[in-house]
>>> print(open('my_file_32.txt').read())   # compact mmCIF, C-alpha atoms
# COMPACT_ATOMS: atom_id res chain seq x y z
CA MET F 18 32.95 27.73 -39.27
CA SER F 19 36.00 27.29 -41.31
CA LEU F 20 39.43 27.41 -39.80
CA GLN F 21 40.95 30.82 -39.35
CA THR F 22 44.69 31.31 -39.37
CA PRO F 23 45.65 34.82 -38.25
CA ARG F 24 48.83 36.24 -39.74
CA VAL F 25 51.26 37.10 -36.94
CA LEU F 26 54.80 38.15 -36.10
CA PRO F 27 57.05 36.29 -33.62
CA ALA F 28 56.15 38.78 -30.88
CA HIS F 29 52.50 37.73 -31.06
CA LEU F 30 53.03 34.01 -30.61
CA HIS F 31 52.35 34.10 -26.85
CA ALA F 32 48.81 35.33 -27.52
CA PHE F 33 48.08 32.15 -29.45
CA HIS F 34 49.66 29.76 -26.96
CA PRO F 35 47.19 27.18 -25.62
CA SER F 36 47.75 28.49 -22.08
CA SER F 37 46.76 32.03 -23.06
CA GLY F 38 43.15 31.00 -22.57
CA ALA F 39 42.13 32.28 -25.96
CA PRO F 40 39.28 30.21 -27.34
CA SER F 41 40.95 30.05 -30.70
CA THR F 42 42.51 27.00 -32.25
CA HIS F 43 46.04 28.43 -31.83
CA THR F 44 46.63 28.06 -35.53
CA ILE F 45 48.58 30.92 -37.05
CA ARG F 46 50.42 31.99 -40.16
CA LEU F 47 54.00 33.20 -40.10
CA LEU F 48 56.22 34.51 -42.84
CA GLY F 49 59.98 34.21 -42.74
CA THR F 50 63.18 33.18 -44.41
CA VAL F 51 64.56 29.73 -43.68
CA SER F 52 67.83 30.38 -41.82
CA ALA F 53 68.62 26.96 -40.35
CA LEU F 54 67.60 23.36 -40.94
CA HIS F 55 68.22 20.61 -38.37
CA GLY F 56 66.44 17.47 -39.44
CA ASP F 57 63.03 17.69 -37.86
CA THR F 58 63.29 21.32 -36.82
CA ALA F 59 64.06 24.51 -38.68
CA THR F 60 64.49 28.18 -37.91
CA ILE F 61 62.94 31.01 -39.86
CA THR F 62 63.93 34.64 -39.59
CA CYS F 63 60.97 36.98 -39.72
CA GLY F 64 62.40 40.15 -41.18
CA GLY F 65 63.70 42.27 -38.32
CA ASN F 66 61.32 40.65 -35.87
CA GLY F 67 63.40 37.74 -34.64
CA ASP F 68 63.60 34.02 -35.25
CA VAL F 69 61.07 31.27 -34.71
CA THR F 70 61.79 27.57 -34.34
CA LEU F 71 59.57 25.31 -36.41
CA VAL F 72 58.87 21.67 -35.64
CA LEU F 73 58.54 20.13 -39.05
CA ARG F 74 56.34 17.40 -40.43
CA PRO F 75 57.92 14.45 -42.20
CA ASP F 76 56.53 15.76 -45.48
CA SER F 77 57.69 19.33 -44.97
CA HIS F 78 60.21 20.35 -47.57
CA LEU F 79 61.95 23.56 -46.64
CA GLN F 80 64.92 24.96 -48.49
CA MET F 81 67.57 27.18 -46.99
CA GLY F 82 67.30 30.84 -47.85
CA LYS F 83 63.77 30.60 -49.22
CA LEU F 84 60.89 32.72 -48.06
CA VAL F 85 58.19 30.50 -46.59
CA GLU F 86 54.73 31.04 -45.26
CA VAL F 87 54.00 28.62 -42.45
CA VAL F 88 50.63 27.56 -41.14
CA GLY F 89 51.05 25.95 -37.76
CA LYS F 90 50.13 25.70 -34.11
CA VAL F 91 51.94 27.49 -31.31
CA MET F 92 53.63 25.06 -28.92
CA ASP F 93 56.21 24.90 -26.11
CA LEU F 94 59.72 23.95 -27.13
CA GLU F 95 61.62 21.38 -25.10
CA GLY F 96 64.35 23.84 -24.30
CA GLY F 97 61.81 26.45 -23.25
CA GLY F 98 60.32 29.21 -25.32
CA LEU F 99 57.70 29.09 -27.99
CA GLY F 100 57.81 27.37 -31.32
CA VAL F 101 55.45 26.47 -34.10
CA ARG F 102 54.39 22.97 -35.07
CA VAL F 103 54.12 23.07 -38.84
CA LEU F 104 50.86 22.04 -40.50
CA GLY F 105 51.69 23.34 -43.93
CA THR F 106 54.20 25.49 -45.71
CA MET F 107 54.11 27.55 -48.85
CA ASP F 108 57.32 28.41 -50.66
CA TRP F 109 57.40 32.01 -51.87
CA GLY F 110 60.85 31.81 -53.42
CA ASN F 111 63.38 34.58 -53.10
CA PRO F 112 62.99 36.70 -49.93
CA ALA F 113 64.23 39.71 -51.90
CA ASP F 114 60.96 39.65 -53.84
CA CYS F 115 58.96 40.35 -50.72
CA ASP F 116 58.76 43.65 -48.94
CA TYR F 117 58.56 42.49 -45.32
CA LYS F 118 57.38 45.94 -44.22
CA ILE F 119 54.15 45.37 -46.12
CA TYR F 120 53.65 42.12 -44.23
CA GLU F 121 54.17 43.93 -40.93
CA LYS F 122 51.48 46.40 -41.94
CA VAL F 123 49.20 43.55 -42.94
CA VAL F 124 49.60 41.95 -39.51
CA GLU F 125 48.88 45.28 -37.87
CA ALA F 126 45.82 45.99 -40.03
CA THR F 127 44.38 42.50 -39.74
CA HIS F 128 44.49 42.60 -35.96
CA LYS F 129 43.00 46.08 -35.76
CA LEU F 130 40.13 45.18 -38.07
CA LYS F 131 38.95 41.87 -36.70
CA PRO F 132 35.42 42.19 -38.07
CA ILE F 133 36.63 41.65 -41.61
CA PHE F 134 39.59 39.37 -40.97
CA TYR F 135 39.14 37.28 -37.87
CA ASP F 136 36.37 36.50 -35.44
CA SER F 137 36.49 39.01 -32.65
CA ASN F 138 36.81 36.35 -29.99
CA GLU F 139 40.22 35.37 -31.23
CA MET T 24 41.63 25.32 -83.32
CA ASP T 25 38.37 23.48 -82.99
CA TYR T 26 38.66 21.76 -79.67
CA GLY T 27 35.76 23.76 -78.35
CA ASN T 28 33.15 21.86 -80.27
CA SER T 29 34.26 18.46 -79.22
CA PHE T 30 34.65 19.49 -75.63
CA GLY T 31 31.74 21.82 -75.01
CA GLY T 32 29.05 19.20 -75.24
CA GLY T 33 27.94 19.77 -71.68
CA GLY T 34 24.71 21.43 -72.67
CA PHE T 35 25.88 24.98 -72.17
CA MET T 36 24.57 27.46 -74.67
CA PRO T 37 27.22 29.92 -75.79
CA GLY T 38 24.73 32.71 -75.22
CA GLU T 39 24.63 31.94 -71.56
CA MET T 40 28.29 32.49 -71.22
CA SER T 41 28.43 35.95 -72.70
CA ALA T 42 26.44 37.28 -69.78
CA SER T 43 28.07 37.24 -66.40
CA PRO T 44 28.03 33.66 -65.21
CA GLY T 45 25.64 33.43 -62.36
CA GLY T 46 24.68 37.05 -62.80
CA GLY T 47 21.17 38.23 -63.19
CA GLY T 48 20.58 39.93 -59.87
CA LYS T 49 18.81 43.24 -60.11
CA GLY T 50 21.04 46.19 -60.76
CA ASP T 51 23.93 44.06 -61.93
CA LEU T 52 24.42 46.19 -64.98
CA ASN T 53 24.43 49.43 -63.06
CA ASN T 54 27.03 48.36 -60.60
CA THR T 55 30.09 46.76 -62.02
CA THR T 56 32.41 47.91 -59.27
CA LEU T 57 34.95 45.32 -58.36
CA ARG T 58 35.40 45.18 -54.63
CA PRO T 59 38.44 43.68 -52.91
CA ILE T 60 37.34 41.62 -49.92
CA THR T 61 38.43 38.91 -47.53
CA ILE T 62 36.72 35.54 -47.51
CA LYS T 63 35.34 36.28 -44.05
CA GLN T 64 33.58 39.29 -45.53
CA ALA T 65 32.12 37.12 -48.26
CA LEU T 66 30.83 34.67 -45.66
CA ASP T 67 29.44 37.49 -43.52
CA ALA T 68 27.84 39.38 -46.41
CA SER T 69 24.14 39.97 -46.01
CA GLN T 70 21.33 39.86 -48.51
CA PRO T 71 18.58 42.42 -47.93
CA TYR T 72 16.04 40.14 -49.60
CA PRO T 73 16.29 36.85 -51.49
CA GLU T 74 17.87 37.19 -54.93
CA ALA T 75 19.22 40.63 -54.06
CA ASN T 76 22.82 41.57 -54.45
CA TYR T 77 24.94 40.77 -51.47
CA GLN T 78 25.89 43.68 -49.29
CA ILE T 79 29.07 44.26 -47.34
CA ASP T 80 29.26 47.17 -44.92
CA GLY T 81 25.88 48.29 -46.21
CA ALA T 82 27.04 48.72 -49.79
CA ASP T 83 26.29 46.46 -52.70
CA ALA T 84 29.17 44.17 -53.50
CA SER T 85 28.15 42.36 -56.62
CA SER T 86 31.55 41.88 -58.19
CA ILE T 87 34.27 40.87 -55.81
CA THR T 88 37.89 39.83 -55.86
CA PHE T 89 39.94 38.02 -53.25
CA VAL T 90 43.10 36.00 -52.93
CA GLY T 91 43.66 32.77 -51.06
CA GLN T 92 45.23 29.37 -51.03
CA VAL T 93 43.62 26.68 -53.14
CA ARG T 94 42.73 23.80 -50.81
CA ASN T 95 40.86 21.64 -53.26
CA ILE T 96 40.23 21.51 -56.99
CA SER T 97 37.47 19.38 -58.39
CA THR T 98 36.82 19.36 -62.09
CA GLN T 99 33.31 18.57 -63.22
CA THR T 100 31.62 18.51 -66.58
CA THR T 101 30.31 22.05 -66.45
CA ASN T 102 32.50 23.69 -63.87
CA VAL T 103 35.66 23.57 -61.83
CA THR T 104 35.11 23.92 -58.11
CA TYR T 105 37.88 25.31 -55.95
CA LYS T 106 38.04 25.59 -52.19
CA ILE T 107 39.83 28.81 -51.34
CA ASP T 108 41.23 29.70 -47.91
CA ASP T 109 42.78 33.07 -47.18
CA GLY T 110 43.32 32.68 -43.45
CA THR T 111 40.06 34.43 -42.61
CA GLY T 112 37.75 31.71 -43.84
CA GLU T 113 37.10 29.22 -46.56
CA ILE T 114 34.70 29.45 -49.48
CA GLU T 115 33.81 27.46 -52.54
CA VAL T 116 34.49 28.97 -55.94
CA LYS T 117 32.89 27.63 -59.08
CA GLN T 118 34.21 28.50 -62.47
CA TRP T 119 31.93 27.52 -65.30
CA ILE T 120 33.75 26.04 -68.22
CA ASP T 121 33.12 27.95 -71.40
CA THR T 122 34.49 27.24 -74.81
CA SER T 123 37.54 29.43 -74.54
CA THR T 124 38.72 28.07 -71.21
CA ALA T 125 37.94 24.57 -72.40
CA GLN T 126 40.25 25.22 -75.29
CA ASP T 127 43.02 26.33 -72.97
CA THR T 128 42.61 23.22 -70.88
CA MET T 129 42.76 21.04 -73.93
CA GLU T 130 45.90 22.70 -75.11
CA THR T 131 47.75 22.30 -71.88
CA ASP T 132 46.51 18.76 -71.47
CA ASP T 133 47.89 17.88 -74.85
CA GLY T 134 51.10 19.67 -74.10
CA LYS T 135 50.56 21.84 -77.13
CA GLY T 136 50.28 25.09 -75.25
CA PRO T 137 52.90 27.72 -75.91
CA GLY T 138 55.74 27.94 -73.43
CA ALA T 139 55.70 25.96 -70.23
CA PRO T 140 52.53 23.93 -70.01
CA GLY T 141 50.40 24.67 -66.98
CA LYS T 142 52.07 28.00 -66.40
CA ASP T 143 48.75 29.71 -65.97
CA GLN T 144 47.16 26.80 -64.18
CA VAL T 145 46.07 27.14 -60.60
CA GLU T 146 47.94 24.73 -58.37
CA LEU T 147 46.73 22.87 -55.33
CA ASN T 148 47.87 24.67 -52.16
CA GLY T 149 49.18 27.52 -54.27
CA TYR T 150 47.72 31.00 -54.03
CA ALA T 151 45.16 32.23 -56.50
CA ARG T 152 43.27 35.42 -57.20
CA VAL T 153 39.57 35.08 -57.86
CA PHE T 154 37.26 37.51 -59.61
CA GLY T 155 33.58 36.74 -59.42
CA ARG T 156 30.19 37.22 -57.89
CA MET T 157 28.68 35.84 -54.74
CA ARG T 158 25.87 33.39 -55.24
CA ALA T 159 23.95 30.95 -53.12
CA PHE T 160 22.65 27.52 -53.94
CA ALA T 161 20.54 25.57 -51.49
CA ASN T 162 21.60 27.93 -48.69
CA LYS T 163 25.23 27.33 -49.43
CA ARG T 164 27.22 30.35 -50.39
CA PHE T 165 29.72 30.16 -53.19
CA VAL T 166 31.48 32.45 -55.61
CA SER T 167 30.77 32.18 -59.28
CA ALA T 168 34.10 33.11 -60.79
CA HIS T 169 34.82 34.95 -64.02
CA CYS T 170 38.48 34.29 -63.61
CA VAL T 171 40.72 32.31 -61.31
CA ARG T 172 44.40 32.84 -61.86
CA PRO T 173 47.51 31.87 -59.93
CA LEU T 174 49.13 34.51 -57.74
CA ARG T 175 52.89 34.33 -57.65
CA ASN T 176 54.01 37.56 -56.00
CA ILE T 177 53.54 37.65 -52.25
CA ASN T 178 53.34 41.43 -52.29
CA GLU T 179 50.15 41.17 -54.29
CA LEU T 180 48.67 39.04 -51.52
CA HIS T 181 49.62 41.54 -48.84
CA VAL T 182 48.47 44.53 -50.82
CA HIS T 183 45.15 42.84 -51.45
CA LEU T 184 44.60 42.39 -47.71
CA LEU T 185 45.47 46.03 -47.08
CA GLU T 186 43.24 47.14 -49.92
CA ALA T 187 40.36 45.11 -48.53
CA ALA T 188 40.95 46.78 -45.17
CA ALA T 189 41.05 50.25 -46.74
CA VAL T 190 37.84 49.70 -48.68
CA HIS T 191 36.14 48.31 -45.58
CA LEU T 192 37.12 51.40 -43.61
CA PHE T 193 35.94 53.61 -46.45
CA PHE T 194 32.45 52.14 -46.25
CA ALA T 195 32.31 51.70 -42.50
CA ARG T 196 33.75 55.03 -41.40
CA GLY T 197 33.70 57.20 -44.46
CA PRO T 198 36.54 58.49 -46.57
CA PRO T 199 39.86 59.45 -45.07
CA GLY T 200 41.20 62.96 -44.98
CA GLY T 201 39.40 66.14 -44.09
CA ALA T 202 40.27 68.18 -41.04
CA GLY T 203 37.45 66.67 -39.04
CA ALA T 204 38.45 63.09 -39.66
CA GLY T 205 39.21 61.63 -36.29
CA ALA T 206 38.63 58.46 -34.34
CA GLY T 207 35.12 57.13 -34.41
CA GLY T 208 34.53 58.42 -37.89
CA ALA T 209 33.84 62.01 -36.94
CA GLY T 210 34.69 63.06 -40.45
CA ALA T 211 32.50 60.42 -41.98
CA GLY T 212 31.45 61.41 -45.42
CA ALA T 213 28.69 60.43 -47.72
CA GLY T 214 31.02 58.39 -49.81
CA ALA T 215 29.08 55.19 -49.51
CA GLY T 216 26.30 56.91 -51.36
CA ALA T 217 28.03 56.10 -54.56
CA VAL T 218 26.98 52.48 -53.97
CA GLY T 219 30.47 51.27 -54.44
CA ASP T 220 31.18 53.41 -57.46
CA ALA T 221 33.53 55.60 -55.51
CA ALA T 222 36.96 55.12 -56.90
CA MET T 223 39.74 55.32 -54.39
CA GLY T 224 40.92 58.51 -55.99
CA GLY T 225 37.54 60.07 -55.58
CA MET T 226 37.50 59.92 -51.83
CA ASP T 227 38.49 63.51 -51.30
CA ASP T 228 35.51 64.78 -53.23
CA TYR T 229 33.18 62.94 -50.95
CA ALA T 230 35.01 64.04 -47.88
CA ALA T 231 34.66 67.65 -48.91
CA GLN T 232 30.96 67.21 -49.54
CA ALA T 233 30.02 65.90 -46.20
CA LYS T 234 32.26 67.72 -43.86
CA GLY T 235 30.79 67.87 -40.44
CA LEU T 236 28.34 65.04 -40.91
CA PRO T 237 28.27 63.20 -37.60
CA ALA T 238 29.07 59.53 -37.40
CA MET T 239 26.19 57.44 -38.68
CA SER T 240 25.33 54.23 -40.43
CA PRO T 241 26.42 53.72 -44.03
CA VAL T 242 22.80 53.60 -45.16
CA ALA T 243 22.09 56.95 -43.56
CA ARG T 244 25.13 58.39 -45.29
CA ARG T 245 23.92 57.06 -48.62
CA VAL T 246 20.52 58.64 -48.12
CA PHE T 247 22.14 61.91 -47.12
CA ASN T 248 24.37 61.86 -50.14
CA LEU T 249 21.44 61.19 -52.43
CA LEU T 250 19.44 64.06 -50.96
CA LYS T 251 22.43 66.28 -51.36
CA THR T 252 23.36 65.41 -54.92
CA GLU T 253 20.11 64.40 -56.59
CA PHE T 254 18.41 67.07 -58.67
CA GLN T 255 15.29 68.11 -56.81
CA SER T 256 12.84 70.91 -56.29
CA ASN T 257 12.58 72.82 -53.03
CA GLU T 258 10.34 70.06 -51.82
CA GLY T 259 13.12 67.53 -51.53
CA LEU T 260 12.66 63.85 -52.21
CA HIS T 261 9.89 61.45 -51.27
CA MET T 262 10.98 58.40 -49.32
CA GLN T 263 9.60 56.17 -52.04
CA VAL T 264 11.92 57.87 -54.53
CA ILE T 265 14.87 57.47 -52.19
CA ALA T 266 14.11 53.80 -51.74
CA THR T 267 13.89 53.25 -55.49
CA LYS T 268 17.03 55.20 -56.28
CA LEU T 269 19.13 53.43 -53.71
CA GLY T 270 17.45 50.07 -54.17
CA LEU T 271 16.73 49.82 -50.47
CA PRO T 272 13.65 48.55 -48.67
CA MET T 273 11.41 51.26 -47.21
CA ALA T 274 12.15 50.13 -43.67
CA ASP T 275 15.86 50.83 -44.13
CA VAL T 276 15.16 54.24 -45.63
CA GLN T 277 12.86 55.04 -42.71
CA GLN T 278 15.61 54.06 -40.31
CA ALA T 279 18.15 56.18 -42.14
CA ILE T 280 15.75 59.13 -42.20
CA ASP T 281 15.22 58.80 -38.45
CA GLU T 282 18.95 58.77 -37.95
CA LEU T 283 19.53 61.82 -40.15
CA LEU T 284 16.61 63.64 -38.54
CA SER T 285 17.91 63.10 -35.05
CA ALA T 286 21.30 64.32 -36.24
CA GLY T 287 19.52 67.47 -37.41
CA VAL T 288 20.84 67.41 -40.96
CA ILE T 289 17.54 66.95 -42.85
CA PHE T 290 13.98 68.22 -42.47
CA SER T 291 10.57 67.24 -43.79
CA THR T 292 8.97 69.49 -46.39
CA VAL T 293 5.45 69.06 -47.83
CA ASP T 294 4.59 66.00 -45.77
CA GLU T 295 6.24 63.62 -43.37
CA TYR T 296 7.50 61.42 -46.21
CA THR T 297 9.36 64.09 -48.15
CA TRP T 298 12.77 65.21 -47.02
CA ALA T 299 15.40 67.77 -47.91
CA VAL T 300 18.86 68.53 -46.66
CA LEU T 301 19.12 71.23 -44.05
CA GLU T 302 21.88 73.51 -45.22
CA TYR T 303 23.66 74.34 -42.05
CA HIS T 304 26.97 75.71 -43.19
>>> encode(input="my_file_32.txt", output="structure tokens")
Amino acid sequence: MSLQTPRVLPAHLHAFHPSSGAPSTHTIRLLGTVSALHGDTATITCGGNGDVTLVLRPDSHLQMGKLVEVVGKVMDLEGGGLGVRVLGTMDWGNPADCDYKIYEKVVEATHKLKPIFYDSNE
Amino acid sequence: MDYGNSFGGGGFMPGEMSASPGGGGKGDLNNTTLRPITIKQALDASQPYPEANYQIDGADASSITFVGQVRNISTQTTNVTYKIDDGTGEIEVKQWIDTSTAQDTMETDDGKGPGAPGKDQVELNGYARVFGRMRAFANKRFVSAHCVRPLRNINELHVHLLEAAAVHLFFARGPPGGAGAGAGGAGAGAGAGAVGDAAMGGMDDYAAQAKGLPAMSPVARRVFNLLKTEFQSNEGLHMQVIATKLGLPMADVQQAIDELLSAGVIFSTVDEYTWAVLEYH
């Protein structure tokens, strides 16, 4: 089976944490605007749904203020809380070009209709 | 502009290209509906019998479209193979090179193309929209693409996913709307009977037609819709006719008939193979 990467919002991260017992690979997709860059970590703001700390890869190139789609694994942060270890990023340019409400609906629909989006055991 | 001749020496006859690449399944010409799907749906699609059109949610899905990230591009003599991943799965997409696309490639390669070169080129790890048909080769499923183009607006990606969800629900639970439409598809209509021809705007018509039809399988709804709309005498339709019209195997029709019979919406007429709709309004 090929790798599935469910689209989520920050509030759903806990469900994909390795300790949640879910048999999935804990790989997820997040969409947000880069709001802070600190060397090997970064913060993205996911619309009105809060911030998420990303642990970057050496070859990750994020730019402040850009909308990015992140594929990554949910992990524990050193200071507590949940973060995402980045596997790949996709730059979508100007956040103003994206209607975040549509993304929220996509997340909602994709998790209600698992048979066509994600394996039901995830 | 004569690049085509020098490039297209791969043994592809131009005639082959005019037809749908990789087409040829039965009923291709009758059903040109383009269905938005996810890659998981493509991987899960079933084939009622070898060489048949693939089916998703019990409806033929010969022409499909999806969006995803390009994970690999490999250019060969006769085709370009992409690996596309949309977060629900990964599938191989082959685009056969025909003279016109070959020409485009040549132009951009030579930097002679108008405007920014490679503007319409699909990029590795970028998003792309694919239009094509599902095919299988040596038990491996792939999509034979008519068109692969880059996708640059994220809203298009999101809308595609929602559209795929809406179309899935349409086939699985019937059209939306109607007073009886509730959870569990109580207002399920016979919409799927249109074998994918139902335009989104046409949903209401189908909903009106099949008001009160209890929840049942898509195939049963198709059979019901056919019985309801097909011109027929008082005797109704023979199962053989139903099977031919819907392009279904007899076993499936029998199953659908059983389902409709137990729901009390059809009855047998001259013999046990001929059925008509029980008008119960």
>>> closest_residue(input="my_file_32.txt", among="F:Pro112, F:Gly82, F:Pro75, F:Pro35", to="chain T", atoms="all atoms listed in the file")
F:Pro112
>>> closest_residue(input="my_file_32.txt", among="F:Ser77, F:Thr50, F:Thr44, F:Ser36", to="chain T", atoms="all atoms listed in the file")
F:Thr44
>>> interface_residues(input="my_file_32.txt", of="chain F", to="chain T", cutoff="10 Å", atoms="only C-alpha atoms", output="mmCIF file with C-alpha atoms, in the frame of the given file")
data_model
loop_
_atom_site.group_PDB
_atom_site.id
_atom_site.type_symbol
_atom_site.label_atom_id
_atom_site.label_comp_id
_atom_site.auth_asym_id
_atom_site.auth_seq_id
_atom_site.Cartn_x
_atom_site.Cartn_y
_atom_site.Cartn_z
ATOM 1 C CA MET F 18 32.950 27.730 -39.270
ATOM 2 C CA SER F 19 36.000 27.290 -41.310
ATOM 3 C CA LEU F 20 39.430 27.410 -39.800
ATOM 4 C CA GLN F 21 40.950 30.820 -39.350
ATOM 5 C CA THR F 22 44.690 31.310 -39.370
ATOM 6 C CA PRO F 23 45.650 34.820 -38.250
ATOM 7 C CA ARG F 24 48.830 36.240 -39.740
ATOM 8 C CA THR F 44 46.630 28.060 -35.530
ATOM 9 C CA ILE F 45 48.580 30.920 -37.050
ATOM 10 C CA ARG F 46 50.420 31.990 -40.160
ATOM 11 C CA LEU F 84 60.890 32.720 -48.060
ATOM 12 C CA GLU F 86 54.730 31.040 -45.260
ATOM 13 C CA VAL F 88 50.630 27.560 -41.140
ATOM 14 C CA GLY F 105 51.690 23.340 -43.930
ATOM 15 C CA THR F 106 54.200 25.490 -45.710
ATOM 16 C CA MET F 107 54.110 27.550 -48.850
ATOM 17 C CA ASP F 108 57.320 28.410 -50.660
ATOM 18 C CA TRP F 109 57.400 32.010 -51.870
ATOM 19 C CA GLY F 110 60.850 31.810 -53.420
ATOM 20 C CA PRO F 112 62.990 36.700 -49.930
ATOM 21 C CA ASP F 114 60.960 39.650 -53.840
ATOM 22 C CA CYS F 115 58.960 40.350 -50.720
ATOM 23 C CA ASP F 116 58.760 43.650 -48.940
ATOM 24 C CA TYR F 117 58.560 42.490 -45.320
ATOM 25 C CA ILE F 119 54.150 45.370 -46.120
ATOM 26 C CA TYR F 120 53.650 42.120 -44.230
ATOM 27 C CA GLU F 121 54.170 43.930 -40.930
ATOM 28 C CA LYS F 122 51.480 46.400 -41.940
ATOM 29 C CA VAL F 123 49.200 43.550 -42.940
ATOM 30 C CA VAL F 124 49.600 41.950 -39.510
ATOM 31 C CA GLU F 125 48.880 45.280 -37.870
ATOM 32 C CA ALA F 126 45.820 45.990 -40.030
ATOM 33 C CA THR F 127 44.380 42.500 -39.740
ATOM 34 C CA LYS F 129 43.000 46.080 -35.760
ATOM 35 C CA LEU F 130 40.130 45.180 -38.070
ATOM 36 C CA LYS F 131 38.950 41.870 -36.700
ATOM 37 C CA PRO F 132 35.420 42.190 -38.070
ATOM 38 C CA ILE F 133 36.630 41.650 -41.610
ATOM 39 C CA PHE F 134 39.590 39.370 -40.970
ATOM 40 C CA TYR F 135 39.140 37.280 -37.870
ATOM 41 C CA ASP F 136 36.370 36.500 -35.440
#
>>> atom_distance(input="my_file_32.txt", atom1="CA of Glu302 (chain T)", atom2="CA of Asn257 (chain T)")
12.2 Å
>>> atom_distance(input="my_file_32.txt", atom1="CA of Leu79 (chain F)", atom2="CA of Leu54 (chain F)")
8.0 Å
>>> atom_distance(input="my_file_32.txt", atom1="CA of Ala75 (chain T)", atom2="CA of Thr252 (chain T)")
25.1 Å
